[in-house]
>>> print(open('final.cif').read())   # mmCIF, C-alpha atoms and all ligand atoms
data_input
loop_
_atom_site.label_atom_id
_atom_site.label_comp_id
_atom_site.auth_asym_id
_atom_site.auth_seq_id
_atom_site.Cartn_x
_atom_site.Cartn_y
_atom_site.Cartn_z
CA MET A 1 10.98 -21.40 -7.41
CA PRO A 2 12.84 -18.87 -9.63
CA ALA A 3 14.17 -17.04 -6.57
CA ASN A 4 15.75 -20.28 -5.27
CA PHE A 5 17.37 -21.20 -8.58
CA ASP A 6 21.14 -21.28 -8.52
CA ILE A 7 23.35 -22.19 -11.47
CA ASN A 8 25.90 -23.70 -9.10
CA ALA A 9 23.40 -26.00 -7.36
CA LEU A 10 21.48 -27.76 -10.13
CA ASP A 11 19.51 -30.85 -9.12
CA ARG A 12 18.77 -34.04 -11.00
CA ALA A 13 15.23 -32.90 -11.93
CA PHE A 14 16.69 -29.84 -13.69
CA LEU A 15 19.30 -31.92 -15.54
CA GLU A 16 16.61 -34.37 -16.70
CA ASP A 17 14.22 -31.64 -17.86
CA PRO A 18 15.34 -27.99 -17.55
CA PHE A 19 12.48 -26.55 -19.62
CA PRO A 20 9.91 -25.92 -16.82
CA THR A 21 12.62 -24.05 -14.88
CA TYR A 22 13.66 -22.00 -17.91
CA ARG A 23 10.02 -21.10 -18.44
CA ALA A 24 9.40 -20.11 -14.82
CA LEU A 25 12.55 -17.97 -14.88
CA ARG A 26 11.70 -16.38 -18.24
CA GLU A 27 8.20 -15.48 -17.00
CA ASN A 28 9.11 -14.31 -13.48
CA ASP A 29 12.81 -13.54 -13.22
CA PRO A 30 14.39 -13.40 -16.69
CA VAL A 31 17.57 -11.66 -15.50
CA HIS A 32 18.18 -13.90 -12.52
CA LEU A 33 20.95 -13.10 -10.03
CA ASN A 34 22.84 -16.19 -8.76
CA ALA A 35 24.41 -16.40 -5.31
CA ASP A 36 27.90 -15.86 -6.80
CA GLY A 37 26.91 -12.55 -8.46
CA SER A 38 26.56 -13.96 -11.98
CA TYR A 39 23.31 -13.64 -13.98
CA PHE A 40 21.26 -16.35 -15.69
CA LEU A 41 19.41 -15.11 -18.81
CA THR A 42 16.44 -16.91 -20.39
CA ARG A 43 14.89 -14.40 -22.86
CA TYR A 44 15.66 -14.51 -26.59
CA ALA A 45 16.09 -10.73 -26.85
CA ASP A 46 18.63 -10.68 -23.99
CA LEU A 47 20.73 -13.45 -25.58
CA GLU A 48 20.55 -11.63 -28.91
CA LEU A 49 21.93 -8.51 -27.25
CA CYS A 50 24.75 -10.51 -25.60
CA TYR A 51 25.81 -12.19 -28.84
CA LYS A 52 26.00 -8.81 -30.62
CA HIS A 53 27.35 -6.53 -27.90
CA PRO A 54 31.05 -5.53 -28.24
CA ALA A 55 31.62 -5.63 -24.46
CA MET A 56 31.06 -9.42 -24.14
CA SER A 57 34.24 -11.41 -23.64
CA SER A 58 34.81 -15.15 -24.18
CA ASP A 59 38.37 -15.07 -22.87
CA LYS A 60 38.83 -17.60 -20.04
CA LYS A 61 42.52 -17.15 -19.14
CA VAL A 62 41.62 -15.85 -15.67
CA ASP A 63 38.56 -18.06 -15.02
CA PHE A 64 40.24 -21.38 -15.90
CA LYS A 65 43.36 -20.78 -13.82
CA PRO A 66 42.05 -21.94 -10.39
CA ASN A 67 40.81 -25.32 -11.69
CA LEU A 68 43.30 -26.06 -14.44
CA GLY A 69 46.54 -24.59 -13.11
CA ASP A 70 49.31 -24.32 -15.68
CA GLY A 71 49.33 -27.71 -17.41
CA PRO A 72 48.35 -29.03 -20.85
CA LEU A 73 44.61 -28.61 -20.18
CA TYR A 74 45.06 -24.92 -19.41
CA LEU A 75 47.14 -24.47 -22.56
CA HIS A 76 44.53 -26.34 -24.59
CA HIS A 77 41.42 -24.51 -23.43
CA THR A 78 43.01 -21.06 -23.47
CA THR A 79 44.38 -21.60 -27.01
CA SER A 80 41.01 -22.76 -28.45
CA LEU A 81 39.39 -20.02 -30.46
CA VAL A 82 36.07 -20.38 -28.63
CA PHE A 83 37.62 -19.19 -25.33
CA ASN A 84 39.37 -16.16 -26.84
CA ASP A 85 38.52 -12.67 -28.03
CA ASP A 86 39.69 -10.83 -31.13
CA PRO A 87 42.23 -10.33 -32.59
CA TYR A 88 43.48 -13.88 -31.79
CA HIS A 89 39.97 -15.35 -32.18
CA ALA A 90 39.40 -13.67 -35.56
CA ARG A 91 42.77 -14.83 -36.94
CA VAL A 92 42.27 -18.48 -35.93
CA ARG A 93 38.63 -18.44 -37.07
CA LYS A 94 39.61 -17.23 -40.55
CA LEU A 95 42.22 -19.98 -40.83
CA LEU A 96 39.88 -22.73 -39.53
CA ALA A 97 37.15 -21.56 -41.90
CA ALA A 98 39.22 -23.26 -44.66
CA ALA A 99 37.97 -26.57 -43.24
CA PHE A 100 34.30 -25.64 -43.72
CA THR A 101 34.08 -24.11 -47.21
CA PRO A 102 31.10 -25.22 -49.34
CA ARG A 103 33.60 -27.15 -51.48
CA LYS A 104 34.95 -29.09 -48.49
CA LEU A 105 31.40 -29.82 -47.31
CA ARG A 106 30.46 -31.10 -50.78
CA GLU A 107 33.48 -33.42 -50.62
CA LEU A 108 32.36 -34.73 -47.24
CA GLU A 109 28.75 -35.39 -48.19
CA PRO A 110 29.38 -38.70 -50.04
CA VAL A 111 31.60 -39.82 -47.15
CA ILE A 112 28.71 -39.11 -44.75
CA GLN A 113 26.23 -40.94 -46.98
CA ARG A 114 28.53 -44.00 -47.30
CA THR A 115 29.19 -44.14 -43.56
CA ILE A 116 25.46 -44.01 -42.78
CA ASP A 117 24.53 -46.64 -45.41
CA THR A 118 27.12 -49.11 -44.07
CA LEU A 119 26.07 -48.44 -40.50
CA LEU A 120 22.34 -48.90 -41.22
CA ASP A 121 23.01 -52.19 -43.03
CA ARG A 122 24.84 -53.46 -39.97
CA LEU A 123 22.13 -52.27 -37.54
CA GLU A 124 19.36 -53.81 -39.64
CA LYS A 125 21.03 -57.20 -39.19
CA GLN A 126 21.48 -56.58 -35.45
CA GLY A 127 17.81 -55.64 -34.90
CA SER A 128 18.38 -54.33 -31.34
CA PHE A 129 21.12 -51.91 -30.34
CA ASP A 130 22.07 -48.80 -28.35
CA LEU A 131 21.10 -45.69 -30.30
CA ILE A 132 24.02 -43.73 -28.83
CA ASP A 133 27.07 -46.01 -28.95
CA ASP A 134 26.05 -48.00 -32.01
CA PHE A 135 24.64 -45.17 -34.13
CA ALA A 136 24.63 -41.51 -33.04
CA LEU A 137 28.29 -41.33 -31.97
CA VAL A 138 29.72 -43.28 -34.88
CA LEU A 139 29.15 -40.79 -37.71
CA PRO A 140 30.53 -37.58 -36.15
CA THR A 141 33.58 -39.46 -34.85
CA GLU A 142 34.29 -40.83 -38.34
CA ILE A 143 33.78 -37.44 -39.98
CA ILE A 144 36.01 -35.50 -37.64
CA ALA A 145 38.62 -38.29 -37.89
CA ASN A 146 38.49 -38.01 -41.70
CA MET A 147 38.85 -34.24 -41.52
CA LEU A 148 41.96 -34.51 -39.36
CA GLY A 149 43.37 -37.55 -41.19
CA VAL A 150 43.35 -39.74 -38.04
CA HIS A 151 44.50 -43.29 -38.85
CA GLU A 152 41.94 -46.13 -38.52
CA GLU A 153 43.69 -47.77 -35.57
CA LYS A 154 43.61 -44.54 -33.51
CA ARG A 155 39.94 -43.66 -34.08
CA SER A 156 38.65 -45.68 -31.13
CA LEU A 157 40.67 -43.43 -28.78
CA LEU A 158 39.00 -40.17 -29.84
CA ARG A 159 35.85 -40.36 -27.72
CA ASP A 160 37.80 -41.02 -24.56
CA TYR A 161 40.11 -38.05 -25.22
CA SER A 162 37.15 -35.80 -25.83
CA VAL A 163 35.25 -36.88 -22.69
CA LYS A 164 38.34 -36.41 -20.49
CA ILE A 165 39.24 -33.01 -21.94
CA LEU A 166 35.68 -31.67 -21.59
CA ALA A 167 35.11 -33.14 -18.10
CA ALA A 168 37.80 -30.77 -16.84
CA LEU A 169 35.47 -27.83 -17.62
CA ASP A 170 32.94 -28.84 -14.95
CA PRO A 171 32.73 -26.30 -12.12
CA ARG A 172 34.37 -28.59 -9.52
CA ILE A 173 36.88 -31.24 -10.58
CA SER A 174 38.86 -33.95 -8.77
CA GLN A 175 42.62 -34.47 -9.02
CA GLN A 176 41.89 -37.62 -11.05
CA THR A 177 39.81 -35.66 -13.59
CA LEU A 178 42.59 -33.10 -13.88
CA ASP A 179 45.31 -35.77 -14.31
CA GLU A 180 43.29 -37.69 -16.90
CA GLY A 181 42.48 -34.50 -18.83
CA ASN A 182 46.12 -33.38 -18.86
CA ALA A 183 47.22 -36.82 -20.07
CA ALA A 184 44.57 -36.81 -22.83
CA VAL A 185 45.70 -33.40 -24.14
CA GLU A 186 49.34 -34.53 -24.11
CA GLU A 187 48.70 -37.87 -25.80
CA PHE A 188 46.34 -36.57 -28.47
CA GLY A 189 48.54 -33.51 -29.01
CA ALA A 190 51.63 -35.69 -29.57
CA TYR A 191 49.72 -37.83 -32.06
CA LEU A 192 48.47 -34.74 -33.95
CA GLU A 193 52.04 -33.45 -34.14
CA GLU A 194 53.00 -36.72 -35.87
CA LEU A 195 50.09 -36.35 -38.33
CA ILE A 196 51.05 -32.74 -39.04
CA ALA A 197 54.69 -33.72 -39.68
CA GLU A 198 53.52 -36.44 -42.08
CA ARG A 199 51.25 -34.01 -43.93
CA ARG A 200 54.01 -31.40 -44.19
CA GLN A 201 56.12 -34.05 -45.96
CA ASN A 202 53.26 -35.22 -48.21
CA PRO A 203 50.80 -32.33 -48.59
CA ASP A 204 48.67 -34.11 -51.19
CA ALA A 205 48.37 -37.49 -49.46
CA GLY A 206 45.14 -36.64 -47.52
CA GLY A 207 42.00 -38.71 -48.09
CA GLN A 208 38.60 -37.45 -49.30
CA GLY A 209 37.33 -34.66 -47.04
CA GLU A 210 40.61 -34.21 -45.15
CA VAL A 211 41.33 -30.61 -44.19
CA LEU A 212 44.62 -30.90 -42.31
CA ALA A 213 46.74 -29.60 -45.21
CA ALA A 214 44.47 -26.55 -45.55
CA LEU A 215 44.93 -25.83 -41.82
CA ILE A 216 48.73 -26.32 -41.95
CA PHE A 217 49.41 -24.28 -45.10
CA GLY A 218 46.52 -21.77 -44.95
CA GLU A 219 47.51 -18.12 -44.49
CA VAL A 220 45.70 -14.99 -43.34
CA ASP A 221 47.59 -11.75 -44.00
CA GLY A 222 50.73 -13.79 -44.65
CA GLU A 223 50.48 -15.62 -41.29
CA ARG A 224 49.99 -19.32 -40.61
CA LEU A 225 48.85 -21.04 -37.41
CA SER A 226 51.81 -21.87 -35.13
CA LEU A 227 52.25 -25.56 -34.26
CA VAL A 228 50.73 -25.07 -30.78
CA GLU A 229 47.75 -23.13 -32.18
CA LEU A 230 47.24 -25.76 -34.86
CA VAL A 231 47.39 -28.74 -32.49
CA GLN A 232 45.18 -27.22 -29.79
CA ASN A 233 42.55 -26.01 -32.26
CA CYS A 234 42.46 -29.42 -33.96
CA ILE A 235 41.78 -30.95 -30.53
CA PHE A 236 39.04 -28.35 -30.11
CA LEU A 237 37.50 -29.30 -33.48
CA LEU A 238 37.30 -32.90 -32.30
CA ASN A 239 35.55 -31.89 -29.07
CA ALA A 240 33.26 -29.30 -30.68
CA GLY A 241 32.12 -31.49 -33.52
CA HIS A 242 31.55 -34.81 -32.05
CA GLU A 243 29.38 -35.06 -28.94
CA THR A 244 27.20 -32.12 -30.07
CA THR A 245 26.39 -33.71 -33.42
CA ALA A 246 25.82 -37.12 -31.80
CA ASN A 247 23.34 -35.42 -29.46
CA LEU A 248 21.54 -33.76 -32.39
CA THR A 249 21.05 -37.19 -33.97
CA ALA A 250 19.97 -38.96 -30.78
CA ASN A 251 17.76 -36.12 -29.49
CA GLY A 252 16.14 -36.01 -32.94
CA ILE A 253 15.37 -39.72 -33.19
CA CYS A 254 14.04 -39.73 -29.61
CA LEU A 255 11.76 -36.77 -30.39
CA LEU A 256 10.46 -38.57 -33.47
CA MET A 257 9.70 -41.60 -31.26
CA ASP A 258 7.97 -39.36 -28.69
CA TYR A 259 5.88 -37.54 -31.32
CA PRO A 260 4.62 -40.28 -33.69
CA ASP A 261 2.43 -37.79 -35.57
CA GLN A 262 5.54 -35.78 -36.50
CA ARG A 263 7.40 -38.99 -37.45
CA GLN A 264 4.53 -39.93 -39.77
CA ARG A 265 4.55 -36.41 -41.21
CA LEU A 266 8.26 -36.79 -42.06
CA LEU A 267 7.70 -40.24 -43.58
CA ASP A 268 4.85 -38.85 -45.72
CA ASP A 269 6.87 -35.79 -46.76
CA PRO A 270 10.67 -36.43 -46.61
CA GLY A 271 11.20 -32.90 -47.99
CA LEU A 272 10.52 -31.66 -44.44
CA ILE A 273 13.89 -32.97 -43.23
CA ASP A 274 15.64 -29.55 -43.28
CA THR A 275 12.99 -27.79 -41.18
CA CYS A 276 12.81 -30.92 -39.01
CA ILE A 277 16.56 -30.64 -38.20
CA ASP A 278 16.17 -26.98 -37.22
CA GLU A 279 13.18 -27.83 -35.03
CA ILE A 280 15.15 -30.56 -33.23
CA LEU A 281 17.97 -28.06 -32.71
CA ARG A 282 15.50 -25.53 -31.27
CA PHE A 283 13.38 -27.87 -29.17
CA ASP A 284 16.13 -29.99 -27.58
CA SER A 285 19.35 -28.04 -28.21
CA PRO A 286 22.56 -30.10 -27.83
CA VAL A 287 24.27 -27.07 -26.26
CA GLN A 288 21.99 -25.60 -23.59
CA LEU A 289 24.20 -23.00 -21.95
CA GLY A 290 26.79 -20.47 -23.03
CA ASN A 291 28.59 -17.77 -21.10
CA ARG A 292 30.19 -14.35 -21.49
CA LYS A 293 31.90 -11.83 -19.23
CA LEU A 294 31.42 -8.08 -19.41
CA THR A 295 34.44 -5.97 -20.36
CA ASP A 296 32.46 -2.77 -19.63
CA GLU A 297 29.30 -1.69 -17.80
CA VAL A 298 26.28 -2.91 -19.81
CA GLU A 299 22.50 -2.83 -19.32
CA VAL A 300 20.97 -6.25 -20.03
CA GLY A 301 17.21 -6.76 -19.80
CA GLY A 302 16.82 -3.52 -17.85
CA VAL A 303 19.51 -4.39 -15.27
CA SER A 304 22.71 -2.37 -15.17
CA MET A 305 25.70 -4.68 -14.71
CA PRO A 306 29.27 -3.67 -13.86
CA ARG A 307 32.39 -4.66 -15.78
CA GLY A 308 33.52 -8.20 -14.89
CA THR A 309 29.95 -9.55 -14.45
CA TYR A 310 29.64 -13.17 -15.54
CA LEU A 311 26.59 -14.13 -17.64
CA HIS A 312 25.05 -17.56 -18.24
CA LEU A 313 23.09 -17.63 -21.51
CA ALA A 314 20.28 -20.21 -21.43
CA ILE A 315 20.05 -21.19 -25.09
CA GLY A 316 17.34 -23.74 -24.24
CA GLY A 317 15.30 -20.99 -22.55
CA ALA A 318 15.64 -18.49 -25.41
CA ASN A 319 14.71 -21.17 -27.93
CA ARG A 320 11.28 -21.52 -26.30
CA ASP A 321 10.58 -17.82 -25.80
CA PRO A 322 7.00 -17.08 -26.94
CA ALA A 323 8.07 -13.53 -27.84
CA THR A 324 10.04 -15.06 -30.74
CA PHE A 325 8.49 -18.48 -31.44
CA ALA A 326 4.76 -19.06 -31.94
CA ASP A 327 3.52 -21.92 -29.75
CA PRO A 328 7.09 -22.61 -28.52
CA GLU A 329 6.34 -25.74 -26.47
CA THR A 330 5.03 -27.53 -29.59
CA PHE A 331 7.40 -29.72 -31.58
CA ASP A 332 6.54 -28.82 -35.19
CA ILE A 333 8.88 -30.24 -37.85
CA GLY A 334 7.57 -27.80 -40.47
CA ARG A 335 8.27 -24.66 -38.38
CA THR A 336 9.38 -21.58 -40.36
CA PRO A 337 10.86 -19.16 -39.60
CA ASN A 338 13.02 -20.81 -36.95
CA ARG A 339 15.87 -18.52 -35.95
CA HIS A 340 17.01 -20.55 -32.94
CA PHE A 341 20.24 -20.02 -31.01
CA ALA A 342 21.35 -23.68 -30.98
CA PHE A 343 24.58 -22.57 -32.68
CA ALA A 344 24.81 -19.35 -30.58
CA GLY A 345 25.19 -16.07 -32.52
CA GLY A 346 27.56 -13.21 -33.26
CA LYS A 347 31.31 -13.60 -33.67
CA HIS A 348 31.49 -17.06 -32.10
CA ILE A 349 28.55 -18.56 -33.99
CA CYS A 350 29.30 -22.23 -34.58
CA LEU A 351 31.73 -22.79 -37.43
CA GLY A 352 30.49 -26.35 -37.90
CA ALA A 353 26.77 -25.48 -38.16
CA SER A 354 26.41 -26.37 -41.86
CA LEU A 355 28.41 -29.57 -41.44
CA SER A 356 26.37 -30.76 -38.47
CA LYS A 357 23.12 -29.98 -40.28
CA ILE A 358 24.26 -32.12 -43.24
CA GLU A 359 25.24 -34.92 -40.84
CA GLY A 360 21.91 -34.61 -38.99
CA ARG A 361 19.89 -34.52 -42.21
CA ILE A 362 21.47 -37.70 -43.60
CA ALA A 363 21.69 -39.58 -40.28
CA ILE A 364 18.15 -38.84 -39.06
CA GLY A 365 16.45 -38.81 -42.48
CA GLU A 366 17.92 -42.17 -43.57
CA PHE A 367 17.43 -43.77 -40.15
CA ILE A 368 13.72 -42.97 -39.95
CA ARG A 369 13.15 -43.97 -43.58
CA ARG A 370 14.88 -47.32 -43.01
CA PHE A 371 13.45 -47.99 -39.52
CA PRO A 372 9.98 -46.35 -39.39
CA ASP A 373 8.83 -48.72 -36.61
CA ILE A 374 11.70 -48.05 -34.21
CA HIS A 375 10.74 -48.43 -30.55
CA GLU A 376 12.51 -48.51 -27.21
CA ASN A 377 13.29 -51.84 -25.56
CA GLY A 378 14.55 -50.48 -22.23
CA PRO A 379 14.71 -47.24 -20.22
CA ARG A 380 16.48 -44.22 -21.70
CA GLN A 381 19.32 -42.71 -19.72
CA ARG A 382 19.81 -38.96 -19.96
CA LEU A 383 23.29 -37.50 -19.97
CA LEU A 384 23.11 -35.57 -16.70
CA ARG A 385 25.06 -32.46 -17.68
CA ALA A 386 23.79 -28.89 -17.70
CA ARG A 387 25.71 -27.61 -20.71
CA PHE A 388 25.38 -30.52 -23.14
CA ARG A 389 21.98 -32.12 -23.59
CA GLY A 390 21.79 -35.66 -24.87
CA TYR A 391 21.49 -39.28 -23.81
CA GLU A 392 23.94 -41.75 -22.32
CA HIS A 393 22.03 -44.81 -23.57
CA VAL A 394 18.83 -45.45 -25.53
CA PRO A 395 18.19 -49.17 -26.13
CA VAL A 396 16.04 -49.65 -29.24
CA THR A 397 14.63 -52.33 -31.52
CA VAL A 398 13.99 -51.64 -35.19
C1 LIG A 401 24.62 -29.95 -33.59
C2 LIG A 401 25.91 -29.79 -33.50
C3 LIG A 401 26.57 -28.56 -32.93
C4 LIG A 401 26.09 -27.64 -32.03
C5 LIG A 401 24.73 -27.62 -31.36
C6 LIG A 401 27.15 -26.65 -31.84
C7 LIG A 401 27.03 -25.55 -31.02
C8 LIG A 401 27.98 -24.56 -30.89
C9 LIG A 401 27.83 -23.37 -30.08
C10 LIG A 401 26.61 -23.03 -29.23
C11 LIG A 401 28.96 -22.62 -30.24
C12 LIG A 401 29.24 -21.24 -29.64
C13 LIG A 401 30.00 -21.29 -28.36
C14 LIG A 401 30.04 -19.95 -27.68
O1 LIG A 401 30.67 -19.03 -28.15
O2 LIG A 401 29.42 -19.80 -26.65
C15 LIG A 401 29.83 -23.35 -31.15
C16 LIG A 401 31.09 -22.92 -31.54
C17 LIG A 401 31.90 -23.66 -32.38
N1 LIG A 401 31.62 -24.85 -33.00
FE1 LIG A 401 29.89 -25.88 -32.88
N2 LIG A 401 28.22 -27.01 -32.60
C18 LIG A 401 27.92 -28.15 -33.29
C19 LIG A 401 28.72 -28.83 -34.19
C20 LIG A 401 29.97 -28.45 -34.57
C21 LIG A 401 30.82 -29.16 -35.50
C22 LIG A 401 30.42 -30.43 -36.26
C23 LIG A 401 32.00 -28.49 -35.56
C24 LIG A 401 33.24 -28.80 -36.32
C25 LIG A 401 33.64 -29.96 -36.73
C26 LIG A 401 31.88 -27.33 -34.68
C27 LIG A 401 32.85 -26.37 -34.52
C28 LIG A 401 32.70 -25.22 -33.76
C29 LIG A 401 33.74 -24.21 -33.64
C30 LIG A 401 35.11 -24.22 -34.32
C31 LIG A 401 33.24 -23.23 -32.76
C32 LIG A 401 33.96 -21.97 -32.26
C33 LIG A 401 33.59 -20.78 -33.09
C34 LIG A 401 34.22 -19.49 -32.57
O3 LIG A 401 34.58 -19.40 -31.40
O4 LIG A 401 34.35 -18.58 -33.39
N3 LIG A 401 30.65 -27.34 -34.10
N4 LIG A 401 29.21 -24.52 -31.54
#
>>> encode(input="final.cif", output="structure tokens", more="lines below")
Ligand code: HEM
Amino acid sequence: MPANFDINALDRAFLEDPFPTYRALRENDPVHLNADGSYFLTRYADLELCYKHPAMSSDKKVDFKPNLGDGPLYLHHTTSLVFNDDPYHARVRKLLAAAFTPRKLRELEPVIQRTIDTLLDRLEKQGSFDLIDDFALVLPTEIIANMLGVHEEKRSLLRDYSVKILAALDPRISQQTLDEGNAAVEEFGAYLEELIAERRQNPDAGGQGEVLAALIFGEVDGERLSLVELVQNCIFLLNAGHETTANLTANGICLLMDYPDQRQRLLDDPGLIDTCIDEILRFDSPVQLGNRKLTDEVEVGGVSMPRGTYLHLAIGGANRDPATFADPETFDIGRTPNRHFAFAGGKHICLGASLSKIEGRIAIGEFIRRFPDIHENGPRQRLLRARFRGYEHVPVTV
């Protein structure tokens, strides 16, 4: 099987459950050559090397051109810090870091707690609901909307923007996907420009946990973000912070349904919630794949690769590598140490990691405490995407 694997021809069985394939590759062909000349890596040590190595590029200006052309989507994705190298990446990262200081996170924590309490009260009355639409997606959307100061009446549009902008990153896209993605970037961008203009006029008018003013007026070495950089990186924050965190919450609650012994362990000892969140992130990582391109010749896992080689980093494979994790196929909510790569590593390590862990801790911890007898009342539907792992729908009764 490993020899037949191809990253550009993934089947439904892989999208439902990629872990047996990751394992077979890791054991038999850990530096797997795809038909297009790229490599697919599944060992922890190889990913660690890639995250640290100076010759690994994240810049996508050349790779995105054929699919995205020259429009708003191309501008958006190639201005986002995640798809850039230093020095641009380092400058934007330093400025965005103002949104994630421990002080800002402390300000957001009561907002998170309030949002979850209100939501759980409503769901308790409902009794049966969809875990994704009615719970997991609500919190991260609210939080990111608060951070950017998005008005109440516009919040319902955010998910749709995000889905359309990210869909354009699939390997093959239709004209409709491209048109919808371009329109979403334009519309959301125009709205953010209005918000930014408002905040420039009234710098102190932001609500609790808002970070827009810090992003507008923040300076690194006397430089601020330009309007285009600001708008496109705010759009990126929405996309980065919202589906991933929703998937952490939903994957976590589903795992706790699937492993009742671990759910009972958490109910008996709520202090395990922090290690539980890390174990969910390791065992069913919301982001399964990353990629890098070599800017020089590099040896990875014993294979010498020329400059320009494209690498797929299987985070979900590395996170179950027995060379790093004892008994890696076991879901153990008390696992320590647990140095997983759910948030990647190196220069591009997730800027929102602490925030999403706080959101996950409160959302999952409070949900399980309030609804210890949760069970499914219909079939789960997996989100069938290789990069992002989560669910489309999970009907439950509490
Ligand atoms: C469980 C939730 C999350 C997961 C699993 C996750 C995962 C990741 C991963 C794997 C990367 C590295 C991408 C790469 O270079 O290959 C990343 C980058 C990033 N994430 Fe997250 N993320 C999560 C939540 C968030 C949140 C809540 C925010 C902000 C609101 C956020 C903001 C960012 C930013 C700004 C970057 C780019 C960092 C850089 O390029 O220097 N993420 N994330």
>>> atom_distance(input="final.cif", atom1="CA of Arg389 in chain A", atom2="atom C28 of ligand LIG 401 (chain A)")
16.3 Å
>>> atom_distance(input="final.cif", atom1="CA of Asn233 in chain A", atom2="CA of Ala136 in chain A")
23.7 Å
>>> closest_residue(input="final.cif", among="A:Arg43, A:Lys293, A:Lys164, A:Arg320", to="ligand LIG 401 (chain A)", atoms="all atoms listed in the file")
A:Lys293
>>> atom_distance(input="final.cif", atom1="CA of Glu392 in chain A", atom2="CA of Asn377 in chain A")
15.0 Å
>>> residues_around(input="final.cif", residues="Ile253 in chain A", least_positions_apart="2", cutoff="12 Å", atoms="only C-alpha atoms", output="PyMOL selection string")
chain A and resi 131-132+135-136+246-251+255-260+262-263+266+276-277+280-281+284+360-361+363-369+371-376+390-391+394+396
>>> closest_residue(input="final.cif", among="A:Thr324, A:Thr295, A:Asn4, A:Gly271", to="Arg307 in chain A", atoms="all atoms listed in the file")
A:Thr295
>>> residues_near_ligand(input="final.cif", ligand="ligand LIG 401 (chain A)", cutoff="6 Å", atoms="only C-alpha atoms and all ligand atoms", output="VMD selection string")
chain A and resid 81 to 82 93 237 240 to 241 244 to 245 248 286 to 287 290 to 291 342 to 344 347 to 353 355 to 356
>>> residues_around(input="final.cif", residues="range 197-202 of chain A", least_positions_apart="2", cutoff="12 Å", atoms="all atoms listed in the file", output="list in words")
Leu148, Gly149, Val150, His151, Ala190, Tyr191, Leu192, Glu193, Glu194, Leu195, Asp204, Ala205, Gly206, Gly207, Glu210, Val211, Leu212, Ala213, Ala214, Leu215, Ile216, Phe217, Leu227, Leu230 and Val231 of chain A
>>> closest_residue(input="final.cif", among="A:Pro20, A:Gly209, A:Gly189, A:Pro54", to="Val111 in chain A", atoms="all atoms listed in the file")
A:Gly209
>>> closest_residue(input="final.cif", among="A:Asn146, A:Leu139, A:Val185, A:Glu16", to="Gln113 in chain A", atoms="all atoms listed in the file")
A:Leu139
>>> closest_residue(input="final.cif", among="A:Gly37, A:Gly316, A:Gln208, A:Phe129", to="His393 in chain A", atoms="all atoms listed in the file")
A:Phe129
